[in-house]
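S.K.: For reference, the file data-v5.cif (mmCIF, C-alpha atoms) is included below:
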```
data_model
#
loop_
_atom_site.group_PDB
_atom_site.id
_atom_site.type_symbol
_atom_site.label_atom_id
_atom_site.label_comp_id
_atom_site.auth_asym_id
_atom_site.auth_seq_id
_atom_site.Cartn_x
_atom_site.Cartn_y
_atom_site.Cartn_z
ATOM 1 C CA MET S 1 -2.561 4.830 25.431
ATOM 2 C CA ASN S 2 -1.134 1.393 24.784
ATOM 3 C CA ILE S 3 -0.224 1.312 21.091
ATOM 4 C CA VAL S 4 0.949 -1.825 19.303
ATOM 5 C CA ILE S 5 2.813 -1.730 16.003
ATOM 6 C CA LEU S 6 2.292 -4.985 14.113
ATOM 7 C CA SER S 7 5.647 -5.471 12.410
ATOM 8 C CA ARG S 8 8.059 -8.338 11.811
ATOM 9 C CA ASN S 9 11.090 -6.040 12.095
ATOM 10 C CA SER S 10 11.317 -3.498 14.905
ATOM 11 C CA TYR S 11 14.461 -1.957 13.381
ATOM 12 C CA LEU S 12 12.848 -0.724 10.166
ATOM 13 C CA TYR S 13 12.890 3.072 9.759
ATOM 14 C CA SER S 14 9.093 3.376 9.669
ATOM 15 C CA THR S 15 8.661 1.264 12.800
ATOM 16 C CA GLN S 16 11.371 3.138 14.694
ATOM 17 C CA ARG S 17 9.871 6.524 13.808
ATOM 18 C CA LEU S 18 6.404 5.477 14.960
ATOM 19 C CA ILE S 19 7.859 4.207 18.255
ATOM 20 C CA GLU S 20 9.771 7.464 18.716
ATOM 21 C CA GLU S 21 6.821 9.761 18.036
ATOM 22 C CA GLY S 22 4.386 7.665 20.063
ATOM 23 C CA ARG S 23 6.640 7.695 23.118
ATOM 24 C CA LYS S 24 7.334 11.428 22.706
ATOM 25 C CA ARG S 25 3.591 11.999 23.086
ATOM 26 C CA GLY S 26 3.466 9.929 26.280
ATOM 27 C CA HIS S 27 2.117 6.638 24.961
ATOM 28 C CA GLN S 28 3.262 3.093 25.674
ATOM 29 C CA VAL S 29 4.421 1.691 22.334
ATOM 30 C CA GLU S 30 5.549 -1.859 21.609
ATOM 31 C CA VAL S 31 6.281 -3.864 18.471
ATOM 32 C CA ILE S 32 4.635 -7.255 18.056
ATOM 33 C CA ASP S 33 5.306 -9.787 15.317
ATOM 34 C CA PRO S 34 1.852 -10.747 13.974
ATOM 35 C CA LEU S 35 3.101 -14.200 12.932
ATOM 36 C CA LYS S 36 3.855 -14.995 16.587
ATOM 37 C CA CYS S 37 0.326 -14.140 17.724
ATOM 38 C CA ASP S 38 -2.155 -16.894 18.578
ATOM 39 C CA ILE S 39 -5.746 -16.007 17.712
ATOM 40 C CA ILE S 40 -8.135 -17.396 20.314
ATOM 41 C CA ILE S 41 -11.742 -17.558 19.167
ATOM 42 C CA GLU S 42 -14.308 -18.014 21.897
ATOM 43 C CA LYS S 43 -17.922 -16.981 22.367
ATOM 44 C CA GLU S 44 -18.085 -13.274 23.208
ATOM 45 C CA LYS S 45 -14.417 -13.315 24.260
ATOM 46 C CA PRO S 46 -12.074 -12.930 21.280
ATOM 47 C CA THR S 47 -8.464 -12.662 22.447
ATOM 48 C CA ILE S 48 -4.885 -12.748 21.190
ATOM 49 C CA PHE S 49 -2.053 -14.505 23.001
ATOM 50 C CA TYR S 50 1.521 -13.362 22.319
ATOM 51 C CA LYS S 51 4.555 -15.106 23.811
ATOM 52 C CA ASP S 52 3.569 -15.149 27.518
ATOM 53 C CA ARG S 53 0.554 -12.873 27.756
ATOM 54 C CA TYR S 54 -2.904 -11.948 26.504
ATOM 55 C CA LEU S 55 -3.079 -8.709 24.524
ATOM 56 C CA ASP S 56 -6.207 -7.478 26.281
ATOM 57 C CA TYR S 57 -4.732 -4.116 27.280
ATOM 58 C CA VAL S 58 -4.178 -2.686 23.781
ATOM 59 C CA ASP S 59 -5.920 0.579 22.851
ATOM 60 C CA ALA S 60 -4.788 0.982 19.234
ATOM 61 C CA ILE S 61 -2.776 -0.833 16.578
ATOM 62 C CA ILE S 62 -0.690 0.311 13.621
ATOM 63 C CA PRO S 63 -0.544 -2.552 11.106
ATOM 64 C CA ARG S 64 2.734 -2.757 9.167
ATOM 65 C CA VAL S 65 1.759 -6.021 7.509
ATOM 66 C CA GLY S 66 4.000 -6.972 4.579
ATOM 67 C CA ALA S 67 2.529 -8.397 1.387
ATOM 68 C CA SER S 68 4.043 -11.837 2.050
ATOM 69 C CA ILE S 69 2.055 -12.244 5.294
ATOM 70 C CA THR S 70 -1.199 -10.602 4.206
ATOM 71 C CA PHE S 71 -3.441 -13.568 5.077
ATOM 72 C CA TYR S 72 -2.292 -14.166 8.654
ATOM 73 C CA GLY S 73 -1.442 -10.510 9.289
ATOM 74 C CA CYS S 74 -4.971 -9.477 8.354
ATOM 75 C CA ALA S 75 -6.408 -12.263 10.513
ATOM 76 C CA VAL S 76 -4.567 -10.736 13.500
ATOM 77 C CA VAL S 77 -5.787 -7.212 12.627
ATOM 78 C CA ARG S 78 -9.340 -8.579 12.307
ATOM 79 C CA GLN S 79 -9.090 -10.196 15.732
ATOM 80 C CA PHE S 80 -8.057 -6.867 17.267
ATOM 81 C CA GLU S 81 -11.086 -5.343 15.539
ATOM 82 C CA MET S 82 -13.288 -8.008 17.181
ATOM 83 C CA MET S 83 -11.752 -6.895 20.490
ATOM 84 C CA ASN S 84 -12.847 -3.272 19.744
ATOM 85 C CA VAL S 85 -9.247 -2.083 19.392
ATOM 86 C CA PHE S 86 -8.781 0.954 17.116
ATOM 87 C CA THR S 87 -6.730 0.341 13.965
ATOM 88 C CA ILE S 88 -5.465 3.009 11.558
ATOM 89 C CA VAL S 89 -6.395 0.701 8.643
ATOM 90 C CA THR S 90 -8.868 -2.184 8.770
ATOM 91 C CA SER S 91 -8.156 -5.756 7.741
ATOM 92 C CA ASP S 92 -10.681 -5.530 4.894
ATOM 93 C CA ALA S 93 -9.086 -2.344 3.550
ATOM 94 C CA ILE S 94 -5.600 -3.908 3.608
ATOM 95 C CA GLN S 95 -6.845 -6.936 1.678
ATOM 96 C CA ARG S 96 -8.662 -4.749 -0.865
ATOM 97 C CA SER S 97 -5.551 -2.685 -1.527
ATOM 98 C CA ARG S 98 -3.313 -5.766 -1.862
ATOM 99 C CA ASP S 99 -5.477 -7.092 -4.687
ATOM 100 C CA LYS S 100 -4.425 -4.775 -7.532
ATOM 101 C CA LEU S 101 -7.270 -5.863 -9.783
ATOM 102 C CA ARG S 102 -9.966 -5.503 -7.123
ATOM 103 C CA SER S 103 -8.701 -2.082 -6.046
ATOM 104 C CA LEU S 104 -8.485 -0.796 -9.636
ATOM 105 C CA GLN S 105 -12.064 -1.936 -10.219
ATOM 106 C CA ARG S 106 -13.269 -0.018 -7.146
ATOM 107 C CA LEU S 107 -11.221 3.062 -8.055
ATOM 108 C CA SER S 108 -12.531 3.031 -11.620
ATOM 109 C CA LYS S 109 -16.118 2.940 -10.352
ATOM 110 C CA ALA S 110 -15.311 5.914 -8.107
ATOM 111 C CA GLY S 111 -14.450 7.941 -11.226
ATOM 112 C CA ILE S 112 -10.699 8.102 -10.646
ATOM 113 C CA GLY S 113 -8.454 8.493 -13.704
ATOM 114 C CA MET S 114 -5.926 5.732 -14.360
ATOM 115 C CA PRO S 115 -3.928 4.246 -17.235
ATOM 116 C CA LYS S 116 -6.064 1.998 -19.420
ATOM 117 C CA THR S 117 -5.801 -1.505 -17.951
ATOM 118 C CA VAL S 118 -6.685 -4.985 -19.207
ATOM 119 C CA PHE S 119 -6.970 -8.238 -17.281
ATOM 120 C CA THR S 120 -7.721 -11.569 -18.945
ATOM 121 C CA ASN S 121 -7.942 -15.183 -17.893
ATOM 122 C CA TYR S 122 -4.665 -16.389 -19.434
ATOM 123 C CA SER S 123 -5.839 -15.280 -22.885
ATOM 124 C CA ARG S 124 -3.899 -16.772 -25.769
ATOM 125 C CA ASP S 125 -4.906 -13.851 -27.990
ATOM 126 C CA VAL S 126 -2.046 -11.694 -26.749
ATOM 127 C CA GLU S 127 -2.219 -9.311 -29.712
ATOM 128 C CA GLU S 128 -5.792 -8.374 -28.869
ATOM 129 C CA VAL S 129 -4.859 -7.659 -25.242
ATOM 130 C CA ILE S 130 -2.100 -5.294 -26.377
ATOM 131 C CA ASP S 131 -4.469 -3.550 -28.793
ATOM 132 C CA HIS S 132 -6.970 -2.948 -25.962
ATOM 133 C CA VAL S 133 -4.476 -0.592 -24.243
ATOM 134 C CA GLY S 134 -3.479 1.206 -27.433
ATOM 135 C CA GLY S 135 -0.528 -0.893 -28.565
ATOM 136 C CA THR S 136 3.078 -1.001 -27.429
ATOM 137 C CA PRO S 137 4.946 -0.051 -25.388
ATOM 138 C CA VAL S 138 2.934 -1.549 -22.516
ATOM 139 C CA ILE S 139 3.457 -2.157 -18.815
ATOM 140 C CA ILE S 140 2.883 -5.715 -17.597
ATOM 141 C CA LYS S 141 2.410 -6.159 -13.824
ATOM 142 C CA LEU S 142 2.109 -9.194 -11.610
ATOM 143 C CA LEU S 143 -0.978 -8.786 -9.423
ATOM 144 C CA GLU S 144 1.091 -9.615 -6.335
ATOM 145 C CA GLY S 145 4.175 -7.518 -7.130
ATOM 146 C CA THR S 146 5.571 -4.917 -4.697
ATOM 147 C CA GLN S 147 8.342 -2.298 -4.732
ATOM 148 C CA GLY S 148 8.630 -2.489 -8.511
ATOM 149 C CA LEU S 149 9.169 -6.262 -8.560
ATOM 150 C CA GLY S 150 7.088 -8.120 -11.142
ATOM 151 C CA VAL S 151 6.727 -5.026 -13.349
ATOM 152 C CA VAL S 152 7.943 -5.216 -16.956
ATOM 153 C CA LEU S 153 8.081 -2.630 -19.738
ATOM 154 C CA ALA S 154 7.537 -4.321 -23.104
ATOM 155 C CA GLU S 155 8.572 -1.907 -25.833
ATOM 156 C CA THR S 156 7.553 -3.985 -28.850
ATOM 157 C CA LYS S 157 4.653 -6.265 -29.691
ATOM 158 C CA SER S 158 6.930 -9.300 -29.892
ATOM 159 C CA ALA S 159 8.452 -8.504 -26.473
ATOM 160 C CA ALA S 160 4.981 -8.054 -24.956
ATOM 161 C CA GLU S 161 3.805 -11.323 -26.473
ATOM 162 C CA SER S 162 6.867 -13.143 -25.102
ATOM 163 C CA VAL S 163 6.401 -11.761 -21.592
ATOM 164 C CA LEU S 164 2.654 -12.471 -21.523
ATOM 165 C CA GLU S 165 3.134 -15.982 -22.867
ATOM 166 C CA ALA S 166 5.811 -16.630 -20.235
ATOM 167 C CA PHE S 167 3.581 -15.384 -17.391
ATOM 168 C CA ASN S 168 0.631 -17.334 -18.810
ATOM 169 C CA GLY S 169 2.764 -20.470 -18.950
ATOM 170 C CA LEU S 170 3.581 -20.010 -15.250
ATOM 171 C CA GLN S 171 -0.112 -19.326 -14.547
ATOM 172 C CA ALA S 172 0.878 -15.988 -13.029
ATOM 173 C CA ARG S 173 -1.930 -13.430 -12.904
ATOM 174 C CA VAL S 174 -0.995 -10.163 -14.612
ATOM 175 C CA ILE S 175 -2.550 -6.906 -15.711
ATOM 176 C CA VAL S 176 -1.537 -5.001 -18.833
ATOM 177 C CA GLN S 177 -1.487 -1.200 -18.727
ATOM 178 C CA GLU S 178 -0.865 1.527 -21.250
ATOM 179 C CA PHE S 179 2.557 3.157 -21.002
ATOM 180 C CA ILE S 180 2.417 6.864 -20.113
ATOM 181 C CA LYS S 181 5.412 8.169 -22.056
ATOM 182 C CA GLU S 182 5.146 11.775 -20.907
ATOM 183 C CA ALA S 183 5.662 10.719 -17.255
ATOM 184 C CA LYS S 184 9.347 10.171 -18.206
ATOM 185 C CA GLY S 185 10.014 7.485 -15.616
ATOM 186 C CA ALA S 186 8.698 9.593 -12.720
ATOM 187 C CA ASP S 187 5.701 9.280 -10.437
ATOM 188 C CA ILE S 188 4.217 11.024 -7.418
ATOM 189 C CA ARG S 189 3.649 9.513 -3.971
ATOM 190 C CA ALA S 190 1.110 11.353 -1.834
ATOM 191 C CA LEU S 191 0.915 10.344 1.821
ATOM 192 C CA VAL S 192 -2.620 10.533 3.205
ATOM 193 C CA VAL S 193 -3.397 10.598 6.936
ATOM 194 C CA ASP S 194 -6.972 10.927 8.189
ATOM 195 C CA GLY S 195 -8.117 11.399 4.603
ATOM 196 C CA GLN S 196 -5.883 14.468 4.038
ATOM 197 C CA VAL S 197 -2.594 14.731 2.127
ATOM 198 C CA VAL S 198 0.179 15.448 4.661
ATOM 199 C CA GLY S 199 3.153 15.205 2.309
ATOM 200 C CA ALA S 200 4.031 14.465 -1.307
ATOM 201 C CA MET S 201 7.187 13.630 -3.232
ATOM 202 C CA LYS S 202 8.103 13.168 -6.866
ATOM 203 C CA ARG S 203 10.143 10.026 -7.497
ATOM 204 C CA GLN S 204 12.395 9.788 -10.552
ATOM 205 C CA GLY S 205 13.732 6.489 -11.841
ATOM 206 C CA LYS S 206 17.476 6.215 -12.386
ATOM 207 C CA GLU S 207 18.861 6.571 -15.907
ATOM 208 C CA GLY S 208 17.375 3.957 -18.238
ATOM 209 C CA GLU S 209 14.878 2.746 -15.608
ATOM 210 C CA PHE S 210 11.118 3.216 -16.090
ATOM 211 C CA ARG S 211 10.335 2.271 -12.474
ATOM 212 C CA SER S 212 10.710 5.106 -9.987
ATOM 213 C CA ASN S 213 10.736 3.030 -6.772
ATOM 214 C CA LEU S 214 13.351 4.239 -4.273
ATOM 215 C CA HIS S 215 14.180 0.572 -3.576
ATOM 216 C CA ARG S 216 15.339 0.366 -7.199
ATOM 217 C CA GLY S 217 17.697 3.338 -7.082
ATOM 218 C CA GLY S 218 15.208 6.129 -7.769
ATOM 219 C CA THR S 219 15.528 9.604 -6.252
ATOM 220 C CA ALA S 220 12.879 11.748 -4.575
ATOM 221 C CA LYS S 221 12.163 15.427 -3.999
ATOM 222 C CA ILE S 222 9.323 17.365 -2.390
ATOM 223 C CA ILE S 223 6.492 18.452 -4.671
ATOM 224 C CA LYS S 224 3.471 20.703 -4.211
ATOM 225 C CA LEU S 225 0.411 18.944 -5.593
ATOM 226 C CA ASN S 226 -2.035 20.785 -7.793
ATOM 227 C CA GLU S 227 -5.765 20.686 -7.126
ATOM 228 C CA ALA S 228 -6.409 17.685 -9.409
ATOM 229 C CA GLU S 229 -3.618 15.662 -7.774
ATOM 230 C CA LEU S 230 -4.848 16.475 -4.259
ATOM 231 C CA LYS S 231 -8.379 15.507 -5.242
ATOM 232 C CA LEU S 232 -7.243 12.193 -6.755
ATOM 233 C CA ALA S 233 -5.247 11.231 -3.639
ATOM 234 C CA MET S 234 -8.128 11.952 -1.274
ATOM 235 C CA GLN S 235 -10.696 10.277 -3.559
ATOM 236 C CA ALA S 236 -8.553 7.128 -3.731
ATOM 237 C CA SER S 237 -8.203 7.071 0.067
ATOM 238 C CA ARG S 238 -11.991 7.284 0.456
ATOM 239 C CA ALA S 239 -12.765 4.751 -2.286
ATOM 240 C CA LEU S 240 -10.619 2.054 -0.646
ATOM 241 C CA LYS S 241 -11.536 3.155 2.909
ATOM 242 C CA LEU S 242 -7.878 3.690 3.762
ATOM 243 C CA PRO S 243 -7.584 6.791 5.980
ATOM 244 C CA VAL S 244 -3.808 6.235 6.121
ATOM 245 C CA CYS S 245 -2.168 5.261 2.821
ATOM 246 C CA GLY S 246 0.307 6.100 0.101
ATOM 247 C CA VAL S 247 -1.246 7.037 -3.245
ATOM 248 C CA ASP S 248 0.945 6.666 -6.328
ATOM 249 C CA MET S 249 0.085 8.570 -9.487
ATOM 250 C CA LEU S 250 1.537 9.637 -12.828
ATOM 251 C CA GLN S 251 1.479 13.092 -14.381
ATOM 252 C CA SER S 252 0.013 12.777 -17.874
ATOM 253 C CA ASP S 253 -1.288 15.002 -20.660
ATOM 254 C CA ARG S 254 -4.835 14.187 -19.506
ATOM 255 C CA GLY S 255 -4.229 14.941 -15.831
ATOM 256 C CA PRO S 256 -3.068 12.784 -12.911
ATOM 257 C CA LEU S 257 -3.513 9.020 -13.361
ATOM 258 C CA LEU S 258 -3.603 6.641 -10.427
ATOM 259 C CA LEU S 259 -1.126 3.755 -10.314
ATOM 260 C CA GLU S 260 -1.885 2.114 -6.977
ATOM 261 C CA VAL S 261 -2.705 2.675 -3.327
ATOM 262 C CA ASN S 262 -0.412 1.306 -0.627
ATOM 263 C CA SER S 263 -1.993 0.451 2.735
ATOM 264 C CA THR S 264 1.362 0.319 4.593
ATOM 265 C CA PRO S 265 3.523 2.996 2.958
ATOM 266 C CA GLY S 266 7.121 3.394 4.049
ATOM 267 C CA LEU S 267 7.960 6.639 5.830
ATOM 268 C CA GLU S 268 11.692 6.977 5.199
ATOM 269 C CA GLY S 269 11.633 8.259 1.622
ATOM 270 C CA ILE S 270 8.817 10.727 2.106
ATOM 271 C CA GLU S 271 10.014 12.098 5.460
ATOM 272 C CA GLU S 272 13.499 12.662 4.034
ATOM 273 C CA ALA S 273 12.215 14.216 0.789
ATOM 274 C CA THR S 274 9.625 16.511 2.373
ATOM 275 C CA GLY S 275 10.975 17.205 5.853
ATOM 276 C CA LYS S 276 7.446 16.483 7.140
ATOM 277 C CA ASN S 277 6.870 14.557 10.376
ATOM 278 C CA ILE S 278 4.557 11.888 8.962
ATOM 279 C CA ALA S 279 5.004 9.563 11.944
ATOM 280 C CA ARG S 280 3.693 12.245 14.318
ATOM 281 C CA ALA S 281 0.700 12.848 12.029
ATOM 282 C CA ILE S 282 -0.181 9.137 12.304
ATOM 283 C CA ILE S 283 0.080 9.179 16.105
ATOM 284 C CA THR S 284 -2.098 12.304 16.373
ATOM 285 C CA TYR S 285 -4.633 10.652 14.048
ATOM 286 C CA ILE S 286 -4.909 7.804 16.566
ATOM 287 C CA GLU S 287 -5.303 10.316 19.426
ATOM 288 C CA ARG S 288 -8.154 12.097 17.608
ATOM 289 C CA ASN S 289 -10.039 8.896 16.868
ATOM 290 C CA ARG S 290 -9.391 6.597 19.821
#
```
How does this structure look as structure tokens?

M.R.:
Amino acid sequence: MNIVILSRNSYLYSTQRLIEEGRKRGHQVEVIDPLKCDIIIEKEKPTIFYKDRYLDYVDAIIPRVGASITFYGCAVVRQFEMMNVFTIVTSDAIQRSRDKLRSLQRLSKAGIGMPKTVFTNYSRDVEEVIDHVGGTPVIIKLLEGTQGLGVVLAETKSAAESVLEAFNGLQARVIVQEFIKEAKGADIRALVVDGQVVGAMKRQGKEGEFRSNLHRGGTAKIIKLNEAELKLAMQASRALKLPVCGVDMLQSDRGPLLLEVNSTPGLEGIEEATGKNIARAIITYIERNR
């Protein structure tokens, strides 16, 4: 097969691993920068032009579209879909997952447990918003934040009010979530491929840090998920129609609670923590479905 990885950086660990495993299994694999693709829209002949050629020979794509290029990246994925090229995640599913509010609404309707969350239209009644999630401390998240950026822990009502007023003043969209104290600065990342969990790790934030992201100095170790955690990860994958994704959850006194679903999860942390060959699982998923 001719497999294209849509990525702006061919040297990233995840991209390199996918190239390596794809070529090991006898496929032609190349990396293409989606921002350098020209989308050509023509009656009954949708095509993509890249550098000096038409991409009419591609059998499957692996989108590694960063949050900063979601709009154009998804337009390129959608064009490949119009060309009947198989993609491990669709353009619509990527866009759904990137909108934290929209995805939480869908996940809530699917009956998936999550921290109590409030979203308002720049409400000036900050105290009421805080009360809706059970009082302080609270987590305040930018809707567009990634890798722990744009996430604030407000430990007191006055701190929460200050942060919310500041974000409101900047007209930045935020959600407010209850703080799950018993999680102790740790969360779980489950990696789903073809709707099944293929690996899971527990991430622990560094001392004094409530965010567990590895990009922020957190550590990770392999974890065996219990039945409720497995069920949540697979339910979330189905609800957002993301057969390949990373599902982040917290361990709480009332069971696992979903934080978010990542449509382009990094492979480095989870492959190192679990020893699992996630990249190969993704390539074999393509082989089974192409």

S.K.: For stretch 88-107 of chain S versus stretch 112-119 of chain S, which residues have an atom no more than 9 Å away, and what is each residue's nearest atom pair and distance in Å rounded to one decimal, using only C-alpha atoms, chain-then-number order, as a Markdown table?

M.R.:
```
| residue | atom | partner | partner_atom | distance |
| --- | --- | --- | --- | --- |
| S:Leu101 | CA | S:Phe119 | CA | 7.9 |
| S:Leu104 | CA | S:Met114 | CA | 8.5 |
| S:Leu107 | CA | S:Ile112 | CA | 5.7 |
```

S.K.: Would you pick out the contacts of S:Cys37 at 9 Å or less, using only C-alpha atoms, so that residues sharing its chain but fewer than 4 positions from it are not included, and give the list as a list of chain:residue names?

M.R.: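 Skipping anything fewer than 4 positions along the chain leaves S:Ile32, S:Asp33, S:Ile48, S:Phe49, S:Tyr50, S:Lys51, S:Val76.
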
S.K.: Do you have the atom CA of S:Tyr57-atom CA of S:Glu268 distance handy?

M.R.: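 Value for the atom CA of S:Tyr57-atom CA of S:Glu268 distance: 29.7 Å.
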
S.K.: Name every residue that the PyMOL selection byres ((chain S and resi 131) around 12) selects in this structure, writing the answer as a list in words with chains first and numbers rising.

M.R.: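 Evaluating the PyMOL selection byres ((chain S and resi 131) around 12) on these coordinates yields Lys116, Thr117, Val118, Asp125, Val126, Glu127, Glu128, Val129, Ile130, His132, Val133, Gly134, Gly135, Thr136, Pro137, Val138, Lys157, Ala160, Glu161, Val176, Gln177 and Glu178 of chain S.
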
S.K.: Between S:Leu258, S:Val152, S:Ala67, S:Ala75, single out the one closest to S:Arg98, counting only C-alpha atoms.

M.R.: S:Ala67

S.K.: Measuring atom to atom with only C-alpha atoms, identify which of S:Leu170, S:Ile175, S:Cys74, S:Ile270 is nearest to S:Val151.

M.R.: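 Using only C-alpha atoms, the shortest distance to S:Val151 belongs to S:Ile175.
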